[in-house]
>>> print(open('model-v7.cif').read())   # mmCIF, C-alpha atoms and all ligand atoms
data_run
loop_
_atom_site.label_atom_id
_atom_site.label_comp_id
_atom_site.auth_asym_id
_atom_site.auth_seq_id
_atom_site.Cartn_x
_atom_site.Cartn_y
_atom_site.Cartn_z
CA MET A 1 2.54 54.49 148.29
CA ASP A 2 1.07 51.35 146.73
CA ALA A 3 -2.21 53.18 146.14
CA ARG A 4 -0.26 56.06 144.60
CA THR A 5 1.53 53.69 142.24
CA ARG A 6 -1.67 51.85 141.31
CA GLU A 7 -3.34 55.17 140.54
CA ARG A 8 -0.51 56.33 138.26
CA LEU A 9 0.48 53.17 136.44
CA PRO A 10 -2.65 52.85 134.25
CA VAL A 11 -2.47 56.52 133.10
CA LEU A 12 1.27 56.53 132.39
CA PRO A 13 0.69 55.87 128.64
CA ILE A 14 -1.49 59.02 128.52
CA LEU A 15 1.33 61.11 129.99
CA VAL A 16 3.88 59.53 127.63
CA ARG A 17 1.70 60.21 124.58
CA SER A 18 1.00 63.76 125.73
CA VAL A 19 4.66 64.76 126.29
CA ASP A 20 5.64 63.18 122.98
CA GLN A 21 2.91 65.07 121.13
CA ARG A 22 3.85 68.37 122.79
CA ARG A 23 7.50 67.87 121.79
CA LYS A 24 6.55 67.16 118.17
CA ASP A 25 4.13 70.10 118.05
CA ALA A 26 6.67 72.51 119.55
CA ALA A 27 9.34 71.36 117.06
CA ALA A 28 6.90 71.68 114.13
CA VAL A 29 5.85 75.19 115.18
CA LEU A 30 9.50 76.26 115.56
CA GLU A 31 10.40 74.83 112.17
CA ALA A 32 7.47 76.63 110.51
CA PHE A 33 8.54 79.86 112.24
CA ARG A 34 11.98 79.61 110.64
CA GLN A 35 10.48 79.28 107.17
CA VAL A 36 8.72 82.68 107.24
CA SER A 37 9.85 86.30 107.45
CA PRO A 38 9.00 88.68 110.33
CA GLY A 39 5.38 89.78 110.17
CA GLU A 40 4.26 86.74 108.15
CA ALA A 41 1.64 84.30 109.40
CA PHE A 42 2.27 80.59 109.54
CA THR A 43 0.36 77.50 110.59
CA ALA A 44 1.76 74.38 112.23
CA ALA A 45 0.42 71.65 114.54
CA GLY A 46 -3.06 73.17 114.24
CA GLN A 47 -1.89 76.57 115.49
CA GLN A 48 -2.01 79.83 113.54
CA LEU A 49 0.71 82.30 114.55
CA VAL A 50 2.47 85.35 113.21
CA ARG A 51 6.24 85.73 113.32
CA ALA A 52 6.80 88.77 115.53
CA VAL A 53 8.65 91.81 114.30
CA VAL A 54 11.37 92.47 116.85
CA PRO A 55 13.49 95.52 115.94
CA HIS A 56 16.10 94.75 118.56
CA GLY A 57 16.22 90.97 118.81
CA THR A 58 16.81 89.34 122.19
CA ALA A 59 19.40 86.58 122.23
CA GLY A 60 17.83 83.17 122.68
CA ARG A 61 14.25 84.43 122.25
CA ILE A 62 12.08 83.39 119.31
CA TRP A 63 8.93 85.48 119.46
CA ALA A 64 5.64 84.74 117.71
CA GLU A 65 2.25 86.33 118.22
CA ASP A 66 -0.95 84.47 118.72
CA PRO A 67 -3.73 86.43 116.89
CA GLN A 68 -6.45 84.69 118.93
CA THR A 69 -5.15 85.70 122.36
CA GLY A 70 -3.03 88.65 121.30
CA LYS A 71 -0.14 87.34 123.39
CA ARG A 72 3.47 86.76 122.47
CA ARG A 73 4.93 83.32 122.79
CA ASP A 74 8.58 82.37 123.13
CA LEU A 75 8.67 79.41 120.77
CA GLY A 76 12.31 78.64 121.68
CA LEU A 77 11.42 78.28 125.36
CA GLU A 78 8.32 76.19 124.57
CA ASP A 79 10.38 73.87 122.38
CA GLU A 80 13.07 73.53 125.03
CA ARG A 81 10.60 72.73 127.80
CA ALA A 82 8.68 70.27 125.65
CA PHE A 83 11.86 68.47 124.60
CA TRP A 84 13.40 68.15 128.08
CA THR A 85 10.09 67.12 129.66
CA TRP A 86 9.81 64.35 127.09
CA ALA A 87 13.44 63.34 127.66
CA ALA A 88 13.06 63.25 131.46
CA VAL A 89 9.83 61.22 131.33
CA GLU A 90 11.28 58.75 128.84
CA VAL A 91 14.58 58.20 130.66
CA LEU A 92 12.95 57.96 134.09
CA ARG A 93 10.29 55.50 132.98
CA ALA A 94 12.70 53.37 130.94
CA THR A 95 15.39 53.08 133.61
CA GLY A 96 13.74 53.63 136.99
CA ILE A 97 16.74 55.66 138.12
CA ARG A 98 16.68 58.25 140.88
CA ILE A 99 16.42 61.96 140.06
CA GLU A 100 20.01 62.60 141.21
CA GLU A 101 21.18 59.75 138.98
CA LEU A 102 19.29 61.24 136.04
CA LEU A 103 20.91 64.62 136.51
CA GLU A 104 24.37 63.03 136.78
CA LEU A 105 24.08 61.14 133.48
CA SER A 106 26.90 62.28 131.25
CA HIS A 107 28.24 61.55 127.80
CA HIS A 108 30.63 59.11 129.54
CA SER A 109 27.71 57.14 130.94
CA LEU A 110 27.16 55.43 127.61
CA VAL A 111 29.46 52.42 127.36
CA GLN A 112 29.53 49.33 125.20
CA TYR A 113 30.09 45.72 126.07
CA ARG A 114 30.90 42.95 123.59
CA LEU A 115 29.30 39.63 124.47
CA PRO A 116 32.13 37.06 124.72
CA THR A 117 30.02 34.28 123.18
CA ALA A 118 28.18 35.91 120.25
CA GLY A 119 30.52 38.89 119.83
CA GLU A 120 27.48 41.19 119.79
CA LEU A 121 27.87 44.81 120.96
CA VAL A 122 25.54 45.68 123.81
CA PRO A 123 24.97 49.37 124.75
CA LEU A 124 25.00 50.01 128.49
CA LEU A 125 24.19 52.99 130.66
CA GLN A 126 26.51 53.46 133.60
CA ILE A 127 24.77 54.84 136.67
CA VAL A 128 27.24 56.51 138.97
CA PRO A 129 27.14 55.75 142.70
CA SER A 130 24.50 57.74 144.51
CA LYS A 131 22.45 56.52 147.43
CA THR A 132 23.96 53.06 147.89
CA ASP A 133 27.51 54.06 146.94
CA THR A 134 27.75 51.41 144.25
CA GLU A 135 27.66 51.91 140.52
CA ARG A 136 25.48 49.82 138.23
CA LEU A 137 25.11 49.19 134.53
CA LEU A 138 21.74 49.16 132.81
CA LEU A 139 21.03 47.62 129.45
CA VAL A 140 19.98 50.28 126.93
CA SER A 141 16.87 49.24 125.04
CA PRO A 142 16.40 50.45 121.42
CA GLU A 143 13.73 52.94 122.61
CA LEU A 144 16.02 54.32 125.30
CA ALA A 145 18.88 54.49 122.79
CA ASP A 146 16.69 56.72 120.57
CA VAL A 147 15.95 59.02 123.49
CA LEU A 148 19.60 59.24 124.60
CA SER A 149 20.69 59.86 121.02
CA ALA A 150 18.21 62.77 120.74
CA VAL A 151 19.42 64.13 124.09
CA ILE A 152 23.07 64.01 123.03
CA CYS A 153 22.28 65.72 119.71
CA ARG A 154 20.43 68.42 121.61
CA ALA A 155 23.18 68.95 124.18
CA ARG A 156 26.03 69.19 121.62
CA ASP A 157 27.47 72.62 120.89
CA THR A 158 28.61 73.95 117.53
CA THR A 159 31.86 71.94 117.76
CA GLY A 160 29.94 68.69 118.15
CA ALA A 161 31.03 68.13 121.76
CA VAL A 162 28.79 68.01 124.78
CA PRO A 163 29.81 71.09 126.84
CA LEU A 164 31.36 70.59 130.25
CA VAL A 165 29.15 72.01 132.99
CA ARG A 166 29.33 72.06 136.73
CA SER A 167 26.39 70.94 138.81
CA TRP A 168 25.45 71.71 142.39
CA ASP A 169 25.05 68.63 144.55
CA ARG A 170 22.24 69.63 146.88
CA ARG A 171 22.81 66.72 149.28
CA GLU A 172 26.58 67.10 149.47
CA CYS A 173 26.29 70.92 149.30
CA ALA A 174 29.21 71.06 146.90
CA TRP A 175 29.89 71.94 143.27
CA GLN A 176 30.81 68.92 141.19
CA ALA A 177 33.73 68.85 138.76
CA PRO A 178 32.82 69.95 135.20
CA ALA A 179 31.37 67.04 133.21
CA PRO A 180 29.59 66.58 129.86
CA LEU A 181 26.21 66.19 131.55
CA LEU A 182 23.37 65.15 129.28
CA PHE A 183 20.68 67.13 131.07
CA GLN A 184 21.94 70.67 130.47
CA ARG A 185 20.60 73.71 128.64
CA ARG A 186 21.77 77.13 127.57
CA ILE A 187 20.48 80.03 129.65
CA SER A 188 21.56 83.59 128.79
CA GLY A 189 24.47 82.27 126.76
CA GLU A 190 25.69 79.96 129.53
CA ASP A 191 25.42 76.16 129.62
CA ARG A 192 23.87 75.07 132.90
CA ALA A 193 22.94 71.71 134.38
CA PHE A 194 19.29 71.00 135.14
CA THR A 195 18.26 70.98 138.78
CA ASP A 196 15.77 68.60 140.29
CA GLU A 197 13.38 71.51 140.99
CA THR A 198 13.33 72.31 137.26
CA VAL A 199 12.53 68.69 136.40
CA ARG A 200 9.73 68.59 138.98
CA THR A 201 8.26 71.84 137.62
CA MET A 202 8.38 70.53 134.05
CA LEU A 203 6.62 67.34 135.17
CA ASP A 204 3.90 69.35 136.94
CA GLN A 205 3.30 71.44 133.81
CA ALA A 206 3.17 68.33 131.64
CA LEU A 207 0.62 66.73 133.97
CA ILE A 208 -1.58 69.83 133.93
CA ALA A 209 -1.51 69.71 130.12
CA THR A 210 -2.79 66.12 130.14
CA GLY A 211 -5.86 67.06 132.21
CA LEU A 212 -5.39 63.97 134.40
CA THR A 213 -6.85 64.27 137.89
CA ASP A 214 -6.58 62.21 141.05
CA ALA A 215 -9.44 60.80 143.16
CA THR A 216 -10.13 64.23 144.73
CA GLY A 217 -10.32 65.96 141.35
CA ASP A 218 -7.00 67.79 141.74
CA PRO A 219 -4.41 67.60 138.94
CA LEU A 220 -2.51 64.34 139.17
CA ARG A 221 1.15 64.78 140.13
CA TYR A 222 4.08 62.53 139.28
CA THR A 223 7.28 63.02 141.22
CA PRO A 224 10.51 61.72 139.63
CA HIS A 225 10.51 58.94 142.26
CA ASP A 226 7.04 57.81 141.14
CA PHE A 227 8.62 56.69 137.86
CA ARG A 228 10.99 54.49 139.87
CA ARG A 229 8.08 52.77 141.61
CA LEU A 230 6.20 52.45 138.33
CA PHE A 231 9.25 50.97 136.63
CA ILE A 232 9.73 48.28 139.31
CA THR A 233 6.01 47.48 139.49
CA ASP A 234 5.69 47.23 135.72
CA ALA A 235 8.83 45.09 135.41
CA ILE A 236 7.67 42.59 138.05
CA LEU A 237 4.15 42.56 136.61
CA ASN A 238 5.66 41.55 133.29
CA GLY A 239 7.54 38.64 134.79
CA LEU A 240 10.93 40.11 135.75
CA PRO A 241 12.15 38.18 138.83
CA PRO A 242 12.30 40.46 141.90
CA HIS A 243 16.01 39.74 142.53
CA ILE A 244 16.85 41.00 139.00
CA ALA A 245 14.65 44.08 139.59
CA GLN A 246 16.64 44.65 142.78
CA VAL A 247 19.92 44.73 140.84
CA ILE A 248 18.50 47.07 138.18
CA ALA A 249 17.05 49.40 140.80
CA GLY A 250 20.30 49.42 142.77
CA HIS A 251 18.75 48.32 146.06
CA GLN A 252 20.91 46.60 148.65
CA ASP A 253 17.96 44.78 150.17
CA ILE A 254 15.37 42.91 148.08
CA ASN A 255 12.69 43.87 150.60
CA VAL A 256 13.07 47.48 149.51
CA THR A 257 12.40 46.40 145.92
CA LEU A 258 9.40 44.34 147.01
CA GLY A 259 8.15 47.35 148.99
CA TYR A 260 8.27 49.41 145.80
CA LYS A 261 6.16 47.02 143.76
CA ALA A 262 2.44 47.58 144.18
CA VAL A 263 1.13 44.42 142.59
CA TYR A 264 0.51 42.05 145.52
CA PRO A 265 -3.28 42.38 145.81
CA GLU A 266 -3.68 42.00 142.05
CA GLU A 267 -1.51 38.86 142.06
CA ALA A 268 -3.37 37.41 145.03
CA ILE A 269 -6.78 38.13 143.52
CA GLN A 270 -5.82 36.69 140.13
CA ALA A 271 -4.26 33.59 141.66
CA TYR A 272 -7.26 32.98 143.91
CA MET A 273 -9.74 33.44 141.05
CA ALA A 274 -7.71 31.02 138.93
CA PHE A 275 -7.76 28.55 141.83
CA LEU A 276 -11.56 28.82 142.13
CA ALA A 277 -12.03 28.40 138.39
CA ARG A 278 -9.74 25.36 138.36
CA ARG A 279 -11.50 23.78 141.32
CA ARG A 280 -14.92 24.35 139.77
CA SER A 281 -13.80 22.79 136.52
CA LEU A 282 -12.57 19.72 138.40
CA ARG A 283 -15.61 19.24 140.62
CA PRO A 284 -18.87 17.77 139.27
CA SER A 285 -21.25 20.49 138.13
CA GLU A 286 -24.23 18.92 139.94
CA GLU A 287 -22.67 20.10 143.22
CA TYR A 288 -23.32 23.70 142.17
CA ARG A 289 -27.14 23.78 142.14
CA VAL A 290 -30.04 24.86 144.35
CA PRO A 291 -30.94 22.10 146.86
CA THR A 292 -34.29 20.38 146.40
CA ASP A 293 -37.01 20.59 149.06
CA GLU A 294 -36.27 17.04 150.19
CA GLU A 295 -32.58 17.85 150.61
CA TRP A 296 -33.39 20.98 152.57
CA GLN A 297 -35.76 19.07 154.87
CA GLU A 298 -33.09 16.39 155.25
CA PHE A 299 -30.62 19.09 156.28
CA LEU A 300 -33.01 20.60 158.86
CA GLY A 301 -34.09 17.13 160.08
CA HIS A 302 -30.48 16.17 160.74
CA PHE A 303 -30.36 18.43 163.78
CA GLU A 304 -33.56 16.95 165.17
CA ARG A 305 -32.37 13.39 164.62
CA ARG A 306 -29.20 14.06 166.60
CA LYS A 307 -31.16 13.85 169.85
CA VAL A 308 -30.48 10.65 171.83
CA SER A 309 -31.70 9.53 175.24
CA ILE A 310 -28.73 10.83 177.26
CA GLY A 311 -27.82 13.96 175.26
CA ALA A 312 -27.13 15.05 171.68
CA CYS A 313 -24.99 13.55 168.98
CA GLY A 314 -22.31 15.88 167.65
CA ARG A 315 -21.55 14.17 164.36
CA ALA A 316 -21.39 16.33 161.22
CA PHE A 317 -24.26 16.76 158.77
CA GLY A 318 -24.45 14.02 156.16
CA THR A 319 -22.24 11.62 158.09
CA PRO A 320 -23.65 8.30 159.36
CA CYS A 321 -23.13 6.96 162.86
CA ILE A 322 -20.00 4.84 162.65
CA HIS A 323 -20.12 3.87 166.31
CA GLU A 324 -23.13 1.57 165.95
CA HIS A 325 -25.22 3.80 168.23
CA ALA A 326 -23.13 2.84 171.24
CA CYS A 327 -23.64 6.36 172.54
CA VAL A 328 -22.37 5.75 176.08
CA ARG A 329 -18.96 4.85 174.71
CA CYS A 330 -18.92 7.47 171.95
CA PRO A 331 -16.77 10.63 172.16
CA MET A 332 -19.28 12.42 169.87
CA LEU A 333 -21.98 12.39 172.57
CA TRP A 334 -22.72 15.67 174.36
CA PRO A 335 -24.37 14.50 177.61
CA ASP A 336 -27.44 16.40 178.80
CA PRO A 337 -27.25 17.48 182.50
CA ALA A 338 -30.98 16.71 182.80
CA GLN A 339 -30.21 13.07 182.01
CA ARG A 340 -27.62 12.63 184.78
CA ASP A 341 -29.88 10.23 186.76
CA ARG A 342 -30.29 8.09 183.68
CA LEU A 343 -26.52 7.97 183.25
CA VAL A 344 -26.08 6.98 186.93
CA GLU A 345 -28.65 4.25 186.40
CA ILE A 346 -26.78 3.01 183.31
CA ARG A 347 -23.48 3.02 185.23
CA ASP A 348 -25.01 1.07 188.17
CA ASN A 349 -26.57 -1.39 185.77
CA LEU A 350 -23.22 -1.90 184.04
CA LEU A 351 -21.52 -2.52 187.41
CA ALA A 352 -24.17 -5.11 188.28
CA ARG A 353 -23.81 -6.80 184.89
CA ILE A 354 -19.98 -6.91 185.21
CA ALA A 355 -20.33 -8.49 188.66
CA GLU A 356 -22.81 -11.04 187.31
CA ALA A 357 -20.58 -11.86 184.30
CA GLU A 358 -17.58 -12.36 186.56
CA ARG A 359 -19.63 -14.50 188.90
CA GLU A 360 -20.99 -16.66 186.07
CA GLY A 361 -17.60 -16.84 184.29
CA TRP A 362 -18.76 -14.94 181.16
CA LEU A 363 -15.34 -13.44 180.75
CA GLY A 364 -15.85 -12.63 177.04
CA GLU A 365 -18.58 -10.14 178.02
CA VAL A 366 -16.70 -8.53 180.91
CA GLU A 367 -14.25 -6.70 178.63
CA GLY A 368 -16.98 -5.08 176.50
CA LEU A 369 -18.99 -4.09 179.58
CA GLN A 370 -15.93 -2.47 181.14
CA VAL A 371 -15.45 -0.29 178.03
CA SER A 372 -19.07 0.83 178.34
CA LEU A 373 -18.58 1.46 182.06
CA ALA A 374 -15.51 3.62 181.37
CA GLY A 375 -17.56 5.62 178.82
CA ALA A 376 -20.44 6.14 181.29
CA GLU A 377 -18.07 7.26 184.05
CA GLU A 378 -16.34 9.67 181.67
CA LYS A 379 -19.69 11.21 180.70
CA LEU A 380 -20.62 11.59 184.38
CA ALA A 381 -17.24 13.25 185.07
CA GLN A 382 -17.87 15.55 182.12
CA LEU A 383 -21.26 16.59 183.55
CA ASP A 384 -19.79 17.12 187.04
CA ALA A 385 -16.98 19.29 185.65
CA GLN A 386 -19.52 21.32 183.71
CA GLN A 387 -21.66 21.91 186.78
CA GLU A 388 -18.59 22.74 188.88
CA ARG A 389 -17.59 25.39 186.37
CA GLN A 390 -21.05 26.92 186.54
CA ARG A 391 -21.07 26.95 190.36
CA SER A 392 -17.60 28.44 190.92
CA THR A 393 -17.39 32.27 191.14
CA VAL A 394 -14.83 34.45 189.46
CA PHE A 395 -13.66 37.60 191.26
CA LEU A 396 -13.95 40.55 188.88
CA GLY A 397 -12.40 43.15 191.18
CA ILE A 398 -15.70 44.81 192.10
CA PRO A 399 -15.63 46.09 195.75
CA ALA A 400 -17.96 44.54 198.29
CA LEU A 401 -20.93 46.47 199.65
CA ASP A 402 -19.41 47.04 203.17
CA GLN A 403 -16.26 48.54 201.58
CA ILE A 404 -18.41 51.00 199.65
CA ALA A 405 -20.42 51.93 202.75
CA ALA A 406 -17.23 52.56 204.80
CA ARG A 407 -15.77 54.71 202.07
CA THR A 408 -18.97 56.76 201.78
CA SER A 409 -19.24 57.33 205.57
CA ASP A 410 -15.63 58.66 205.57
CA VAL A 411 -16.72 61.34 203.17
CA ASN A 412 -19.53 62.47 205.40
CA GLU A 413 -17.52 62.53 208.69
CA PRO A 414 -16.84 66.02 210.07
CA GLY A 415 -13.16 66.98 209.95
CA ALA A 416 -12.29 64.63 207.14
CA GLU A 417 -9.16 66.02 205.44
CA ALA A 418 -10.33 65.91 201.90
CA PRO A 419 -13.62 64.66 200.58
CA ARG A 420 -13.17 61.39 198.77
CA GLU A 421 -15.41 60.24 196.02
CA PRO A 422 -17.08 56.85 196.56
CA TYR A 423 -16.40 54.25 193.87
CA PRO A 424 -18.12 56.00 190.97
CA SER A 425 -19.33 52.82 189.31
CA CYS A 426 -21.10 51.72 192.52
CA LYS A 427 -22.41 55.09 193.55
CA ALA A 428 -25.71 54.72 191.75
CA SER A 429 -26.27 51.21 193.13
CA LEU A 430 -25.58 52.36 196.69
CA THR A 431 -27.95 55.26 196.40
CA ALA A 432 -30.61 52.89 195.14
CA LEU A 433 -29.96 50.46 198.05
CA LYS A 434 -30.13 53.22 200.66
CA GLY A 435 -33.36 54.47 199.14
S1 LIG A 501 -22.83 6.49 168.80
FE1 LIG A 501 -21.86 8.47 168.68
S2 LIG A 501 -22.08 9.07 166.54
FE2 LIG A 501 -23.49 7.34 166.88
S3 LIG A 501 -25.42 8.39 167.40
FE3 LIG A 501 -24.39 7.93 169.34
S4 LIG A 501 -23.26 9.84 169.77
FE4 LIG A 501 -23.81 9.91 167.62
#
>>> encode(input="model-v7.cif", output="structure tokens", more="lines below")
Ligand code: SF4
Amino acid sequence: MDARTRERLPVLPILVRSVDQRRKDAAAVLEAFRQVSPGEAFTAAGQQLVRAVVPHGTAGRIWAEDPQTGKRRDLGLEDERAFWTWAAVEVLRATGIRIEELLELSHHSLVQYRLPTAGELVPLLQIVPSKTDTERLLLVSPELADVLSAVICRARDTTGAVPLVRSWDRRECAWQAPAPLLFQRRISGEDRAFTDETVRTMLDQALIATGLTDATGDPLRYTPHDFRRLFITDAILNGLPPHIAQVIAGHQDINVTLGYKAVYPEEAIQAYMAFLARRRSLRPSEEYRVPTDEEWQEFLGHFERRKVSIGACGRAFGTPCIHEHACVRCPMLWPDPAQRDRLVEIRDNLLARIAEAEREGWLGEVEGLQVSLAGAEEKLAQLDAQQERQRSTVFLGIPALDQIAARTSDVNEPGAEAPREPYPSCKASLTALKG
């Protein structure tokens, strides 16, 4: 879903421009049609058409002929589709509401609120309870107010009122009470509410007209719910706090809102690149250069210089020995098993020196020698543990040779109930041994 949102968000302006242009073109063509008599040619929005002569006019049909294709076009239907596609795209992208909420918008959904402090009137759009069973109020931006105003003007009948229509609730499987729904149209002289299938079809047609394609080359599709994801992603990208986006979207759980937004990788990449740039600007530039030959040799030589008489020094590159080369006592020393005799010799020598110091009363030296002795004994214990680990066997669950032989002879015995397969993994080895 995140990939789907990321694919559609950058091309949303193309869709918006396209549906707006189609609406304007359809309106201009219809207006030009009305200015001419039947049989007369007219030109509008770059199209040359002829007003059709229809002896017996069909109610609701506005026919024009296209001289280039020779086909008749219903300009009324084209204008209606273009207008409602534009209206659906604009309302969905500006509010992020669900398709069922869009189709339930009515003339009563527009309410006003006067700010108690400034006294300013704020237009609000009331979204009736749908999925989460709670209503919510959305702030109407000036752009959305323009769209809603155009929709209301379009939906009004000759008396100036928005007709009451009934809608079929597909999820509840019930007809709703008549309401002045905003998304309604006149079909065969009857006012009818839009269905979600109609909106989806209009969106598909609008997308085909844009020529946008997805990664596989197929026409790009936007479902009504894609606009909801795009709305949340765009809002959070532009700095809207997620908990406010949650309220606007009508989610009960903020994790649902965060699941809708598809901006995490972008945020992480941007933040990490900013971190790298900041760190580079703070660190001295001479650190970012190609090492000289001397430095490279120094780096390689470090590993050779780590060798000491009873093993290897494990200190990091570029760090000096801070233990005054008292390797026997040092935890950084990795003792070499080949040097065990030398370590035993050192330990015996230390024992002899401690005995001598105690005998001679050199008590100041005894303490230091005992620390060295403890270090030597620890290194010897380390070597012994290492060798013990190497000597001890670990049972891997592989059967012994006599078990395999017994199992194989069972197979060959006359009267055996059912032939049994020897351990398959050892079969090849056994055959080789017998051979
Ligand atoms: S004393 Fe420790 S750090 Fe220094 S050379 Fe010996 S092992 Fe390495």
>>> closest_residue(input="model-v7.cif", among="A:Ser167, A:Ser109, A:Thr201, A:Thr210", to="Val16 of chain A", atoms="all atoms listed in the file")
A:Thr210
>>> closest_atom_pairs(input="model-v7.cif", of="chain A", to="ligand LIG 501 (chain A)", cutoff="6 Å", atoms="all atoms listed in the file", output="CSV")
residue,atom,partner,partner_atom,distance
A:Cys313,CA,A:LIG501,FE4,4.1
A:Arg315,CA,A:LIG501,S2,5.6
A:Cys321,CA,A:LIG501,FE2,4.1
A:His323,CA,A:LIG501,S1,4.5
A:Glu324,CA,A:LIG501,S1,5.7
A:His325,CA,A:LIG501,S1,3.6
A:Ala326,CA,A:LIG501,S1,4.4
A:Cys327,CA,A:LIG501,FE3,3.6
A:Cys330,CA,A:LIG501,FE1,4.5
A:Met332,CA,A:LIG501,S4,4.7
A:Leu333,CA,A:LIG501,S4,4.0
>>> atom_distance(input="model-v7.cif", atom1="atom CA of Ala155 of chain A", atom2="atom CA of Ile208 of chain A")
26.6 Å
>>> residues_around(input="model-v7.cif", residues="segment 84-100 of chain A", least_positions_apart="5", cutoff="9 Å", atoms="all atoms listed in the file", output="ChimeraX atom specification")
/A:15-16,18-20,22-23,79,105,127,130-131,138-141,143-144,147-148,150-151,169,183,195-196,199,202-203,206,224-232,248-250
>>> residues_around(input="model-v7.cif", residues="Asp74 of chain A", least_positions_apart="5", cutoff="8 Å", atoms="only C-alpha atoms", output="list in words")
Arg61, Ile62, Trp63 and Ala64 of chain A
>>> closest_residue(input="model-v7.cif", among="A:Leu103, A:Arg221, A:Ile236, A:Val54", to="Leu12 of chain A", atoms="all atoms listed in the file")
A:Arg221
>>> atom_distance(input="model-v7.cif", atom1="atom CA of Gln112 of chain A", atom2="atom CA of Ala145 of chain A")
12.1 Å
